[in-house]
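Asker: Contents of my_file_3.txt (compact mmCIF, C-alpha atoms) are below:
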# COMPACT_ATOMS: atom_id res chain seq x y z
CA MET A 1 -4.06 -105.61 91.44
CA GLU A 2 -2.65 -104.92 94.92
CA LEU A 3 -2.27 -107.69 97.47
CA ASN A 4 -1.79 -106.48 101.02
CA CYS A 5 0.11 -109.02 103.12
CA LEU A 6 1.52 -106.54 105.63
CA GLY A 7 1.80 -108.12 109.07
CA MET A 8 1.59 -111.67 107.70
CA ARG A 9 4.34 -114.18 108.46
CA CYS A 10 5.98 -116.61 106.05
CA PRO A 11 4.86 -118.59 104.14
CA LEU A 12 1.48 -116.79 103.96
CA PRO A 13 2.53 -113.92 101.64
CA ILE A 14 3.93 -116.37 99.06
CA ILE A 15 0.89 -118.65 99.33
CA LYS A 16 -1.54 -115.71 98.87
CA LEU A 17 0.55 -114.41 96.01
CA ALA A 18 0.49 -117.74 94.19
CA GLN A 19 -3.29 -117.95 94.62
CA GLN A 20 -3.77 -114.43 93.31
CA LEU A 21 -1.53 -115.06 90.30
CA LYS A 22 -3.91 -117.79 89.17
CA LYS A 23 -6.49 -115.05 88.64
CA THR A 24 -4.39 -112.10 87.46
CA GLU A 25 -1.19 -111.76 85.45
CA GLU A 26 0.32 -109.04 87.59
CA VAL A 27 0.25 -108.42 91.33
CA THR A 28 1.69 -105.66 93.47
CA LEU A 29 2.62 -107.44 96.68
CA LEU A 30 2.88 -105.54 99.96
CA SER A 31 4.75 -107.55 102.57
CA ASP A 32 6.98 -106.63 105.50
CA ASP A 33 7.93 -110.16 106.52
CA PRO A 34 11.75 -110.51 106.58
CA ALA A 35 11.50 -113.78 104.65
CA THR A 36 9.59 -112.28 101.72
CA LEU A 37 12.51 -110.95 99.68
CA PRO A 38 14.65 -114.11 99.87
CA ASP A 39 11.57 -116.25 99.33
CA LEU A 40 10.38 -114.25 96.30
CA THR A 41 13.83 -114.76 94.79
CA ALA A 42 13.73 -118.51 95.35
CA TRP A 43 10.07 -118.78 94.33
CA ALA A 44 10.73 -116.92 91.05
CA ARG A 45 13.64 -119.27 90.27
CA MET A 46 11.53 -122.35 91.06
CA THR A 47 8.34 -121.30 89.23
CA GLY A 48 9.66 -119.16 86.38
CA ASN A 49 7.62 -116.11 87.45
CA THR A 50 9.39 -112.76 87.77
CA PHE A 51 9.37 -109.86 90.21
CA THR A 52 10.91 -106.45 90.74
CA THR A 53 11.29 -104.58 94.00
CA LEU A 54 9.34 -101.32 93.81
CA GLY A 55 10.25 -99.97 97.22
CA GLU A 56 10.37 -100.96 100.82
CA HIS A 57 7.94 -103.87 101.37
CA ARG A 58 6.57 -103.43 97.82
CA TYR A 59 7.08 -105.84 94.93
CA LEU A 60 5.69 -106.08 91.40
CA VAL A 61 5.18 -109.73 90.48
CA LYS A 62 4.46 -110.99 86.97
CA ARG A 63 3.21 -114.39 85.95
CA LEU A 64 5.32 -116.39 83.52
CA MET B 1 2.09 -141.62 118.15
CA GLY B 2 4.95 -143.97 118.95
CA SER B 3 7.10 -143.03 121.91
CA VAL B 4 10.22 -143.89 119.92
CA THR B 5 11.49 -140.81 118.16
CA THR B 6 13.93 -140.85 115.31
CA ASN B 7 16.38 -138.07 116.00
CA PHE B 8 17.34 -136.01 112.93
CA GLN B 9 18.38 -133.00 115.04
CA SER B 10 21.96 -131.77 115.00
CA GLU B 11 22.19 -132.50 118.72
CA SER B 12 22.47 -136.07 119.83
CA PRO B 13 22.86 -137.98 123.10
CA LEU B 14 26.38 -138.44 124.39
CA HIS B 15 28.24 -141.18 122.53
CA PRO B 16 27.95 -144.51 124.42
CA ALA B 17 31.74 -144.86 124.61
CA ALA B 18 31.93 -141.55 126.46
CA ARG B 19 28.97 -142.31 128.66
CA ALA B 20 30.42 -145.68 129.72
CA PHE B 21 33.54 -143.91 130.94
CA LEU B 22 31.90 -140.84 132.53
CA ASP B 23 32.00 -142.18 136.10
CA ASP B 24 35.63 -143.17 135.65
CA ALA B 25 36.46 -139.83 134.08
CA PHE B 26 35.12 -138.01 137.12
CA ASP B 27 36.80 -140.52 139.47
CA ARG B 28 40.22 -140.23 137.93
CA GLY B 29 40.18 -136.82 136.24
CA TRP B 30 39.08 -134.51 139.05
CA ALA B 31 42.45 -133.23 140.24
CA ASP B 32 44.41 -130.18 139.11
CA PRO B 33 46.93 -131.60 136.65
CA SER B 34 49.51 -128.92 137.49
CA LYS B 35 49.85 -129.95 141.17
CA PRO B 36 52.47 -132.48 142.36
CA HIS B 37 50.17 -135.13 143.87
CA GLN B 38 49.48 -138.64 142.61
CA SER B 39 45.89 -137.72 141.82
CA SER B 40 47.13 -134.77 139.77
CA ARG B 41 49.53 -136.96 137.84
CA GLN B 42 46.72 -139.35 137.06
CA THR B 43 44.59 -136.49 135.74
CA ALA B 44 47.52 -135.16 133.70
CA ILE B 45 48.06 -138.58 132.12
CA LEU B 46 44.40 -138.90 131.17
CA LEU B 47 44.37 -135.40 129.76
CA ASN B 48 47.48 -136.09 127.69
CA GLU B 49 45.96 -139.27 126.33
CA SER B 50 42.89 -137.27 125.37
CA LYS B 51 45.03 -134.68 123.62
CA GLU B 52 46.60 -137.46 121.59
CA ILE B 53 43.16 -138.59 120.45
CA PHE B 54 42.19 -135.04 119.45
CA SER B 55 45.51 -134.62 117.71
CA ARG B 56 45.08 -137.82 115.71
CA HIS B 57 41.50 -137.18 114.57
CA LEU B 58 41.53 -133.41 114.10
CA GLY B 59 44.88 -133.19 112.33
CA ILE B 60 46.69 -130.93 114.81
CA ARG B 61 49.70 -131.46 117.09
CA THR B 62 49.10 -132.47 120.72
CA ASP B 63 50.81 -129.31 121.97
CA GLN B 64 48.36 -127.25 119.89
CA VAL B 65 45.26 -128.66 121.60
CA GLU B 66 43.57 -126.10 123.87
CA PHE B 67 40.27 -126.66 125.64
CA LEU B 68 37.52 -124.07 125.90
CA ALA B 69 34.58 -124.28 128.29
CA ASP B 70 32.56 -122.32 125.75
CA PRO B 71 33.16 -123.07 122.05
CA ALA B 72 31.70 -119.67 121.07
CA ILE B 73 34.59 -117.77 122.68
CA GLY B 74 36.87 -119.57 120.22
CA PHE B 75 35.53 -117.42 117.37
CA HIS B 76 36.69 -114.31 119.21
CA LEU B 77 40.05 -115.88 120.18
CA GLY B 78 40.65 -117.17 116.67
CA LEU B 79 39.55 -114.11 114.73
CA SER B 80 40.33 -111.08 116.92
CA GLY B 81 43.65 -112.68 117.92
CA LEU B 82 44.79 -112.83 114.28
CA PHE B 83 43.28 -109.56 113.09
CA SER B 84 45.62 -106.75 112.09
CA GLU B 85 44.30 -103.21 111.91
CA PHE B 86 46.43 -102.76 108.78
CA GLY B 87 44.68 -105.60 107.00
CA GLN B 88 41.19 -106.59 105.91
CA PHE B 89 38.95 -109.27 107.36
CA PHE B 90 37.05 -111.46 104.90
CA HIS B 91 34.30 -113.90 105.75
CA SER B 92 31.50 -115.56 103.83
CA ALA B 93 27.77 -114.85 103.88
CA VAL B 94 27.10 -118.38 105.17
CA ASP B 95 29.41 -118.20 108.19
CA ARG B 96 28.11 -118.69 111.70
CA SER B 97 26.60 -115.74 113.52
CA GLU B 98 29.62 -115.64 115.87
CA VAL B 99 31.75 -114.75 112.83
CA PHE B 100 29.28 -112.00 111.92
CA ALA B 101 29.57 -110.72 115.50
CA ALA B 102 33.36 -110.55 115.15
CA ALA B 103 32.97 -108.81 111.78
CA GLU B 104 30.71 -106.26 113.40
CA THR B 105 33.46 -105.35 115.88
CA LEU B 106 36.51 -105.66 113.61
CA GLY B 107 34.90 -104.42 110.41
CA GLY B 108 34.54 -107.25 107.92
CA ILE B 109 33.98 -107.80 104.23
CA LYS B 110 31.22 -110.30 103.55
CA LEU B 111 31.90 -112.52 100.54
CA PRO B 112 28.70 -113.49 98.71
CA VAL B 113 27.82 -117.08 97.89
CA GLY B 114 25.92 -118.45 94.91
CA LEU B 115 23.14 -121.01 94.82
CA ASN B 116 25.87 -123.62 95.34
CA GLY B 117 26.62 -122.08 98.75
CA LEU B 118 30.25 -121.46 97.85
CA ALA B 119 32.26 -118.27 98.29
CA THR B 120 35.28 -117.41 96.18
CA TYR B 121 38.19 -116.15 98.26
CA PRO B 122 40.35 -113.20 97.31
CA GLU B 123 44.15 -113.45 97.21
CA GLY B 124 44.46 -110.77 99.85
CA THR B 125 47.73 -109.71 101.43
CA GLU B 126 49.75 -111.19 104.29
CA ARG B 127 48.07 -108.82 106.71
CA ASP B 128 44.54 -109.90 105.78
CA LEU B 129 42.42 -112.38 107.69
CA LEU B 130 39.96 -114.97 106.39
CA ALA B 131 37.29 -116.78 108.38
CA TRP B 132 37.18 -120.09 106.56
CA GLN B 133 34.35 -122.48 107.28
CA ALA B 134 35.42 -126.00 106.37
CA ALA B 135 31.81 -127.08 105.85
CA ASN B 136 28.48 -125.45 106.54
CA GLY B 137 26.56 -126.77 109.53
CA GLU B 138 23.13 -126.32 107.94
CA THR B 139 23.66 -127.57 104.41
CA GLY B 140 26.78 -129.72 104.82
CA ILE B 141 28.31 -127.95 101.80
CA ILE B 142 32.12 -128.26 101.80
CA SER B 143 33.92 -124.98 101.05
CA PHE B 144 36.55 -124.38 98.39
CA GLN B 145 40.08 -124.68 99.76
CA PRO B 146 41.51 -121.29 100.73
CA SER B 147 44.79 -122.15 98.96
CA THR B 148 45.24 -118.89 97.05
CA PHE B 149 44.59 -116.65 100.07
CA LYS B 150 47.84 -115.07 101.27
CA GLY B 151 46.74 -113.87 104.70
CA ARG B 152 45.95 -115.50 108.00
CA ILE B 153 43.30 -118.18 108.13
CA PHE B 154 40.88 -119.01 110.92
CA VAL B 155 39.38 -122.45 110.34
CA ASP B 156 35.83 -122.93 111.59
CA ALA B 157 35.58 -126.70 111.89
CA THR B 158 32.71 -126.56 114.39
CA ALA B 159 30.40 -128.36 111.95
CA SER B 160 32.88 -130.57 110.10
CA GLY B 161 34.69 -131.93 113.17
CA PRO B 162 36.88 -134.89 112.23
CA HIS B 163 35.34 -135.23 108.74
CA LEU B 164 37.60 -132.86 106.86
CA ARG B 165 41.34 -132.25 106.85
CA MET B 166 42.83 -128.95 107.83
CA PRO B 167 43.87 -126.82 104.84
CA ASP B 168 47.59 -126.77 103.94
CA ARG B 169 47.97 -123.36 105.55
CA TRP B 170 46.03 -122.33 108.67
CA HIS B 171 46.65 -120.14 111.71
CA SER B 172 43.83 -120.83 114.15
CA GLY B 173 41.13 -123.49 114.31
CA LEU B 174 38.01 -124.24 116.29
CA TRP B 175 36.02 -127.42 116.89
CA ASN B 176 32.87 -128.17 118.85
CA SER B 177 32.67 -131.35 120.90
CA GLN B 178 28.98 -131.71 120.02
CA SER B 179 29.80 -132.37 116.37
CA TRP B 180 31.18 -135.82 117.31
CA GLN B 181 28.51 -136.71 119.89
CA GLY B 182 30.71 -135.40 122.67
CA PRO B 183 29.41 -133.45 125.65
CA ARG B 184 28.03 -129.95 125.21
CA GLY B 185 30.08 -127.11 126.64
CA LEU B 186 33.50 -128.00 125.27
CA GLY B 187 35.42 -126.50 122.40
CA ILE B 188 38.84 -127.38 121.02
CA PHE B 189 40.97 -124.48 119.90
CA ALA B 190 44.33 -124.57 118.15
CA LEU B 191 46.98 -122.16 116.95
CA SER B 192 49.48 -123.28 114.34
CA ASP B 193 51.96 -120.59 115.25
CA ARG B 194 51.84 -118.44 118.37
CA SER B 195 53.84 -115.59 116.82
CA ALA B 196 51.04 -114.47 114.48
CA TRP B 197 48.53 -114.34 117.33
CA LYS B 198 47.82 -111.83 120.11
CA ASN B 199 45.55 -112.80 122.96
CA PRO B 200 42.46 -110.57 122.60
CA LEU B 201 41.23 -111.44 126.12
CA PRO B 202 42.55 -109.89 129.34
CA HIS B 203 45.47 -112.08 130.38
CA ILE B 204 48.44 -112.08 132.72
CA ASP B 205 50.39 -115.07 131.52
CA HIS B 206 51.20 -117.07 128.42
CA ASN B 207 48.06 -119.20 128.68
CA ILE B 208 45.80 -119.00 125.65
CA SER B 209 42.56 -119.30 127.54
CA SER B 210 41.95 -118.96 131.24
CA SER B 211 38.64 -120.73 130.83
CA ASN B 212 38.05 -123.29 133.54
CA PHE B 213 37.08 -126.22 131.36
CA SER B 214 35.97 -129.53 132.84
CA ILE B 215 38.75 -132.11 132.51
CA PRO B 216 36.41 -135.12 132.91
CA LEU B 217 34.27 -133.76 130.05
CA ALA B 218 37.37 -133.24 127.90
CA ILE B 219 38.32 -136.88 128.51
CA ALA B 220 34.76 -137.99 127.74
CA SER B 221 34.82 -135.91 124.57
CA ALA B 222 38.00 -137.62 123.38
CA LEU B 223 36.37 -141.01 123.88
CA ALA B 224 33.26 -139.83 122.08
CA LEU B 225 35.42 -138.63 119.19
CA GLU B 226 37.17 -141.98 118.91
CA GLY B 227 33.86 -143.85 119.01
CA TYR B 228 32.18 -141.49 116.57
CA VAL B 229 35.00 -141.68 114.01
CA SER B 230 34.88 -145.46 114.10
CA ASP B 231 31.04 -145.57 113.83
CA TYR B 232 31.08 -143.09 111.00
CA LYS B 233 33.77 -144.95 109.08
CA ALA B 234 31.68 -148.12 109.26
CA GLU B 235 28.47 -146.36 108.19
CA LYS B 236 29.74 -143.74 105.75
CA LYS B 237 28.74 -145.54 102.54
CA ARG B 238 25.30 -146.28 103.91
CA ILE B 239 24.77 -142.68 105.13
CA GLU B 240 25.82 -141.42 101.69
CA ALA B 241 23.34 -143.76 100.02
CA LEU B 242 20.59 -142.56 102.39
CA ASN B 243 21.36 -138.95 101.53
CA VAL B 244 21.05 -139.78 97.82
CA ARG B 245 17.85 -141.70 98.50
CA ILE B 246 16.27 -138.73 100.32
CA ARG B 247 17.25 -136.31 97.55
CA ASP B 248 15.90 -138.60 94.82
CA PHE B 249 12.66 -139.07 96.71
CA LEU B 250 12.18 -135.33 97.25
CA ALA B 251 12.87 -134.57 93.59
CA SER B 252 10.50 -137.22 92.25
CA GLU B 253 7.76 -137.62 94.87
CA ILE B 254 7.08 -134.13 96.27
CA ARG B 255 6.46 -131.14 94.03
CA ASP B 256 8.47 -127.93 94.38
CA VAL B 257 11.19 -128.84 96.83
CA ASP B 258 14.32 -126.69 96.92
CA ILE B 259 17.29 -128.81 98.00
CA ALA B 260 20.52 -127.13 99.09
CA GLY B 261 23.71 -128.36 97.45
CA HIS B 262 24.56 -131.82 96.13
CA VAL B 263 25.71 -135.04 97.72
CA SER B 264 29.05 -134.87 95.95
CA GLY B 265 30.22 -131.59 97.46
CA GLY B 266 28.86 -132.05 100.94
CA LEU B 267 29.11 -133.89 104.22
CA PRO B 268 26.84 -136.90 103.65
CA HIS B 269 25.18 -136.77 107.06
CA LEU B 270 23.76 -133.25 106.62
CA LEU B 271 20.86 -132.25 104.39
CA SER B 272 18.65 -129.17 104.11
CA PHE B 273 15.59 -128.73 101.89
CA SER B 274 12.64 -126.35 101.67
CA ILE B 275 9.12 -127.20 100.60
CA LEU B 276 7.20 -124.49 98.75
CA TYR B 277 3.96 -123.18 100.32
CA ILE B 278 4.54 -125.10 103.57
CA ASP B 279 4.64 -123.58 107.04
CA ALA B 280 7.70 -125.18 108.64
CA GLN B 281 6.44 -124.83 112.17
CA ILE B 282 3.23 -126.74 111.44
CA LEU B 283 5.10 -129.39 109.47
CA ILE B 284 7.68 -129.86 112.22
CA ASN B 285 5.01 -130.30 114.86
CA LYS B 286 3.21 -132.85 112.65
CA LEU B 287 6.46 -134.76 112.10
CA ASP B 288 7.20 -134.65 115.82
CA GLU B 289 3.76 -136.10 116.58
CA ARG B 290 4.60 -138.95 114.25
CA GLY B 291 7.96 -139.67 115.85
CA PHE B 292 10.46 -137.65 113.83
CA ALA B 293 12.46 -134.79 115.36
CA VAL B 294 13.92 -132.51 112.69
CA ASP B 295 15.53 -129.06 112.65
CA SER B 296 14.46 -126.08 110.56
CA GLY B 297 15.99 -122.83 109.34
CA SER B 298 12.64 -121.19 108.66
CA ALA B 299 11.84 -117.87 110.30
CA CYS B 300 8.79 -119.15 112.13
CA ASN B 301 11.03 -121.65 113.86
CA SER B 302 13.74 -119.25 115.00
CA ALA B 303 13.91 -117.20 118.16
CA ASN B 304 14.21 -113.85 116.35
CA MET B 305 11.67 -114.67 113.60
CA GLU B 306 14.38 -114.13 110.98
CA PRO B 307 14.92 -116.82 108.36
CA SER B 308 18.24 -118.69 108.22
CA HIS B 309 20.87 -116.30 106.85
CA VAL B 310 22.51 -119.31 105.17
CA LEU B 311 19.43 -120.12 103.08
CA ALA B 312 18.78 -116.45 102.31
CA ALA B 313 22.40 -115.87 101.21
CA MET B 314 22.25 -118.88 98.88
CA GLY B 315 18.87 -117.93 97.46
CA ILE B 316 17.28 -121.14 98.73
CA LEU B 317 13.63 -120.91 99.79
CA THR B 318 13.54 -120.06 103.50
CA HIS B 319 10.02 -121.18 104.35
CA GLY B 320 9.07 -124.83 104.70
CA ASN B 321 12.65 -125.68 105.59
CA VAL B 322 13.61 -129.05 107.04
CA ARG B 323 17.12 -129.88 108.16
CA LEU B 324 18.25 -133.43 108.78
CA THR B 325 21.31 -134.81 110.51
CA LEU B 326 21.80 -138.48 109.69
CA HIS B 327 23.49 -139.91 112.76
CA PRO B 328 25.47 -143.15 112.25
CA THR B 329 22.81 -145.10 114.16
CA VAL B 330 19.92 -144.13 111.85
CA LYS B 331 18.25 -147.15 110.28
CA ASP B 332 17.32 -147.46 106.60
CA GLU B 333 13.72 -148.30 107.59
CA GLU B 334 13.50 -145.10 109.60
CA ILE B 335 14.38 -143.07 106.52
CA GLU B 336 11.77 -144.88 104.42
CA GLU B 337 9.14 -144.33 107.08
CA PHE B 338 10.13 -140.67 107.41
CA LEU B 339 9.85 -140.06 103.65
CA HIS B 340 6.45 -141.72 103.58
CA VAL B 341 5.20 -139.61 106.51
CA LEU B 342 6.71 -136.43 105.06
CA LYS B 343 4.94 -136.94 101.74
CA GLU B 344 1.63 -137.57 103.50
CA GLU B 345 1.89 -134.53 105.75
CA VAL B 346 2.95 -132.21 102.91
CA ALA B 347 0.04 -133.40 100.77
CA GLU B 348 -2.35 -132.76 103.63
CA LEU B 349 -0.96 -129.29 104.39
CA ARG B 350 -1.10 -128.33 100.74
CA SER B 351 -4.68 -129.53 100.22
For the file at hand, write its structure as structure tokens.

Answerer:
Amino acid sequence: MELNCLGMRCPLPIIKLAQQLKKTEEVTLLSDDPATLPDLTAWARMTGNTFTTLGEHRYLVKRL
Amino acid sequence: MGSVTTNFQSESPLHPAARAFLDDAFDRGWADPSKPHQSSRQTAILLNESKEIFSRHLGIRTDQVEFLADPAIGFHLGLSGLFSEFGQFFHSAVDRSEVFAAAETLGGIKLPVGLNGLATYPEGTERDLLAWQAANGETGIISFQPSTFKGRIFVDATASGPHLRMPDRWHSGLWNSQSWQGPRGLGIFALSDRSAWKNPLPHIDHNISSSNFSIPLAIASALALEGYVSDYKAEKKRIEALNVRIRDFLASEIRDVDIAGHVSGGLPHLLSFSILYIDAQILINKLDERGFAVDSGSACNSANMEPSHVLAAMGILTHGNVRLTLHPTVKDEEIEEFLHVLKEEVAELRS
């Protein structure tokens, strides 16, 4: 499942991501907001979910 | 929509002790203290008395006190003036942007910080330079002492003001008058030893800074400092308890809040926390409508749309960030009301 959040500002990408993860176990997040990488890191620590950076503006996020 | 606003911003009105004396300061402190007239002598006396106040509360000698019309230039004076091209320049990832600017020019090594906001300093050599922030202005986190570092140390006390002692060894130091409710547009700069320092600005004499600072404002700032220290001393225990109260409330009453640091290792009047899935700009406007002015390090609230580099370096959530400064005059009831309003607004934004 790919979630395109390009052009969206924080906190929208993280909110959309959390909503999507309720439906699917794995999401490829596309986001070019400068807050996304630090916020994914903090969000993963707070929620227990995990993510890996696939490339520029591209992250693979897995539900706990 | 009460007209009374509780001010949690880092800026505050001029301290009443300074304001009461402002007219007098301009009446008696207008002359050039280096001239031979009576008016000049009067100005010189007032300025010396002010230097004694700064000396007493900032932990430096009176002859080390230098005034800057722009605190920001002090970063350049303090860092570039101590830098040796044969040494390395270390600074932390949570330093102020002025330090990053100096690192850009001089070539710097950025020391990472953990979730606790603390950097570990290298031993270095005598030729190396360290930008050492006594405490962080966003989170209030107090840094480790730079006691094992062998090189030269620039102390950034612009956030900690009179709250923290100078380290055992230091070479240059910088303070900002605003951190003790003094007037804006005044910095205090100090060198422990002139021999290690070279003036990085164009200069023709031995003066450290040619900046044309306002003497009446320097006098007002000294009075503000004295008043602030005394207010703070009286209220410190209460401010600490309020900080604990806010943290406990956030942890138990609002889901998913990321709080930076702990009360024990921080300045009790500063607090930064981030609320998951909340747009800081909307929250801050809502709080403002309800009479609470707070700061934020979230991207949507900054001029360049970048999140706070301090939060990002620590790994603290950067969106939904709220930053509070608990001024000595803040009332317990105001905190309770704020927490109640915050919880309500967060619940509404999340629904």

Asker: So that I can check the surroundings of region 57-61 of chain B, please list as a PDB file with C-alpha atoms, keeping the file's coordinate frame every protein, DNA and RNA residue that reaches within 7 Å of it, counting only C-alpha atoms and ignoring chain neighbours fewer than 6 positions away.

Answerer:
ATOM      1  CA  PRO B 162      36.880-134.890 112.230  1.00  0.00           C
ATOM      2  CA  ARG B 165      41.340-132.250 106.850  1.00  0.00           C
ATOM      3  CA  MET B 166      42.830-128.950 107.830  1.00  0.00           C
TER       4      MET B 166
END

Asker: Using all atoms listed in the file, find which residues of chain A lie within 12 Å of chain B and jot them down as an mmCIF file with C-alpha atoms, keeping the file's coordinate frame.

Answerer:
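File out_30.cif, as written:
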data_model
loop_
_atom_site.group_PDB
_atom_site.id
_atom_site.type_symbol
_atom_site.label_atom_id
_atom_site.label_comp_id
_atom_site.auth_asym_id
_atom_site.auth_seq_id
_atom_site.Cartn_x
_atom_site.Cartn_y
_atom_site.Cartn_z
ATOM 1 C CA MET A 8 1.590 -111.670 107.700
ATOM 2 C CA ARG A 9 4.340 -114.180 108.460
ATOM 3 C CA CYS A 10 5.980 -116.610 106.050
ATOM 4 C CA PRO A 11 4.860 -118.590 104.140
ATOM 5 C CA LEU A 12 1.480 -116.790 103.960
ATOM 6 C CA PRO A 13 2.530 -113.920 101.640
ATOM 7 C CA ILE A 14 3.930 -116.370 99.060
ATOM 8 C CA ILE A 15 0.890 -118.650 99.330
ATOM 9 C CA LYS A 16 -1.540 -115.710 98.870
ATOM 10 C CA LEU A 17 0.550 -114.410 96.010
ATOM 11 C CA ALA A 18 0.490 -117.740 94.190
ATOM 12 C CA GLN A 19 -3.290 -117.950 94.620
ATOM 13 C CA ASP A 32 6.980 -106.630 105.500
ATOM 14 C CA ASP A 33 7.930 -110.160 106.520
ATOM 15 C CA PRO A 34 11.750 -110.510 106.580
ATOM 16 C CA ALA A 35 11.500 -113.780 104.650
ATOM 17 C CA THR A 36 9.590 -112.280 101.720
ATOM 18 C CA LEU A 37 12.510 -110.950 99.680
ATOM 19 C CA PRO A 38 14.650 -114.110 99.870
ATOM 20 C CA ASP A 39 11.570 -116.250 99.330
ATOM 21 C CA LEU A 40 10.380 -114.250 96.300
ATOM 22 C CA THR A 41 13.830 -114.760 94.790
ATOM 23 C CA ALA A 42 13.730 -118.510 95.350
ATOM 24 C CA TRP A 43 10.070 -118.780 94.330
ATOM 25 C CA ALA A 44 10.730 -116.920 91.050
ATOM 26 C CA ARG A 45 13.640 -119.270 90.270
ATOM 27 C CA MET A 46 11.530 -122.350 91.060
ATOM 28 C CA THR A 47 8.340 -121.300 89.230
ATOM 29 C CA GLY A 48 9.660 -119.160 86.380
#

Asker: Dump as a count of residues only all residues having an atom at most 12 Å from (10.6, -104.7, 94.4), computed in the file's coordinates with all atoms listed in the file.

Answerer: 24

Asker: Work out how far CA of Ser179 (chain B) is from CA of Glu11 (chain B), in Å to one decimal.

Answerer: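 Taking CA of Glu11 (chain B) and CA of Ser179 (chain B), their separation equals 8.0 Å.
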
Asker: Residues near Arg127 (chain B), anyone? I mean within 12 Å using all atoms listed in the file, not counting same-chain ones fewer than 4 positions away, as a count of residues only.

Answerer: 17

Asker: Enter the distance from CA of Lys343 (chain B) to CA of Gln20 (chain A), in Å, rounded to one decimal.

Answerer: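 For CA of Lys343 (chain B) relative to CA of Gln20 (chain A), the distance reads 25.6 Å.
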
Asker: List as a list in words the protein and nucleic acid residues near Thr43 (chain B), meaning an atom at most 12 Å away when all atoms listed in the file are counted, but skip any in the same chain fewer than 2 places from it.

Answerer: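 Within the cut-off, the hits are Asp24, Ala25, Phe26, Asp27, Arg28, Gly29, Trp30, Ala31, Asp32, Pro33, Ser34, Lys35, Pro36, His37, Gln38, Ser39, Ser40, Arg41, Ile45, Leu46, Leu47, Asn48, Glu49, Ser50, Ser214, Ile215, Pro216, Ala218 and Ile219 of chain B.
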
Asker: Could you tell me how far CA of Glu226 (chain B) sits from CA of Ile53 (chain B), in Å to one decimal place?

Answerer: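 Taking CA of Ile53 (chain B) and CA of Glu226 (chain B), their separation equals 7.1 Å.
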
Asker: Looking at all atoms listed in the file, which of B:Gln281, B:Val346, B:Asp205, B:Val4 is the one that sits closest to Asp295 (chain B)?

Answerer: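 When distances to Asp295 (chain B) are compared using all atoms listed in the file, the smallest one comes from B:Gln281.
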
Asker: Using all atoms listed in the file, which of the listed residues (B:Gly187, B:Gly182, B:Gly137, B:Gly227) sits closest to His269 (chain B)?

Answerer: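 That would be B:Gly137, the residue with the smallest distance to His269 (chain B).
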
Asker: Using only C-alpha atoms, find the one residue out of B:Ala44, B:Ala20, B:Leu267, B:Val322 that sits nearest to Ser143 (chain B).

Answerer: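 Answer, going by the shortest atom-to-atom distance: B:Leu267.
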
Asker: Report, as lines of an AutoDock Vina configuration file, the axis-aligned box around all atoms of region 1-15 of chain A present in the file, extended by 8 Å on each side; give centre and edge lengths in Å to one decimal place.

Answerer:
center_x = 1.0
center_y = -111.8
center_z = 100.3
size_x = 26.0
size_y = 29.7
size_z = 33.6

Asker: Got a sec: who's within 8 Å of Ile188 (chain B), counting all atoms listed in the file, leaving out chain neighbours fewer than 6 positions off, as a PDB file with C-alpha atoms, in the coordinates of the input?

Answerer:
ATOM      1  CA  VAL B  65      45.260-128.660 121.600  1.00  0.00           C
ATOM      2  CA  GLU B  66      43.570-126.100 123.870  1.00  0.00           C
ATOM      3  CA  PHE B  67      40.270-126.660 125.640  1.00  0.00           C
ATOM      4  CA  LEU B  68      37.520-124.070 125.900  1.00  0.00           C
ATOM      5  CA  PRO B  71      33.160-123.070 122.050  1.00  0.00           C
ATOM      6  CA  LEU B 174      38.010-124.240 116.290  1.00  0.00           C
ATOM      7  CA  TRP B 175      36.020-127.420 116.890  1.00  0.00           C
ATOM      8  CA  ASN B 176      32.870-128.170 118.850  1.00  0.00           C
ATOM      9  CA  SER B 177      32.670-131.350 120.900  1.00  0.00           C
TER      10      SER B 177
END

Asker: If we count only C-alpha atoms, what is near Arg238 (chain B) at a cut-off of 12 Å, once residues fewer than 3 positions away on the same chain are taken out, given as a ChimeraX atom specification?

Answerer: /B:231-235,241-245,268-269,326-332,335
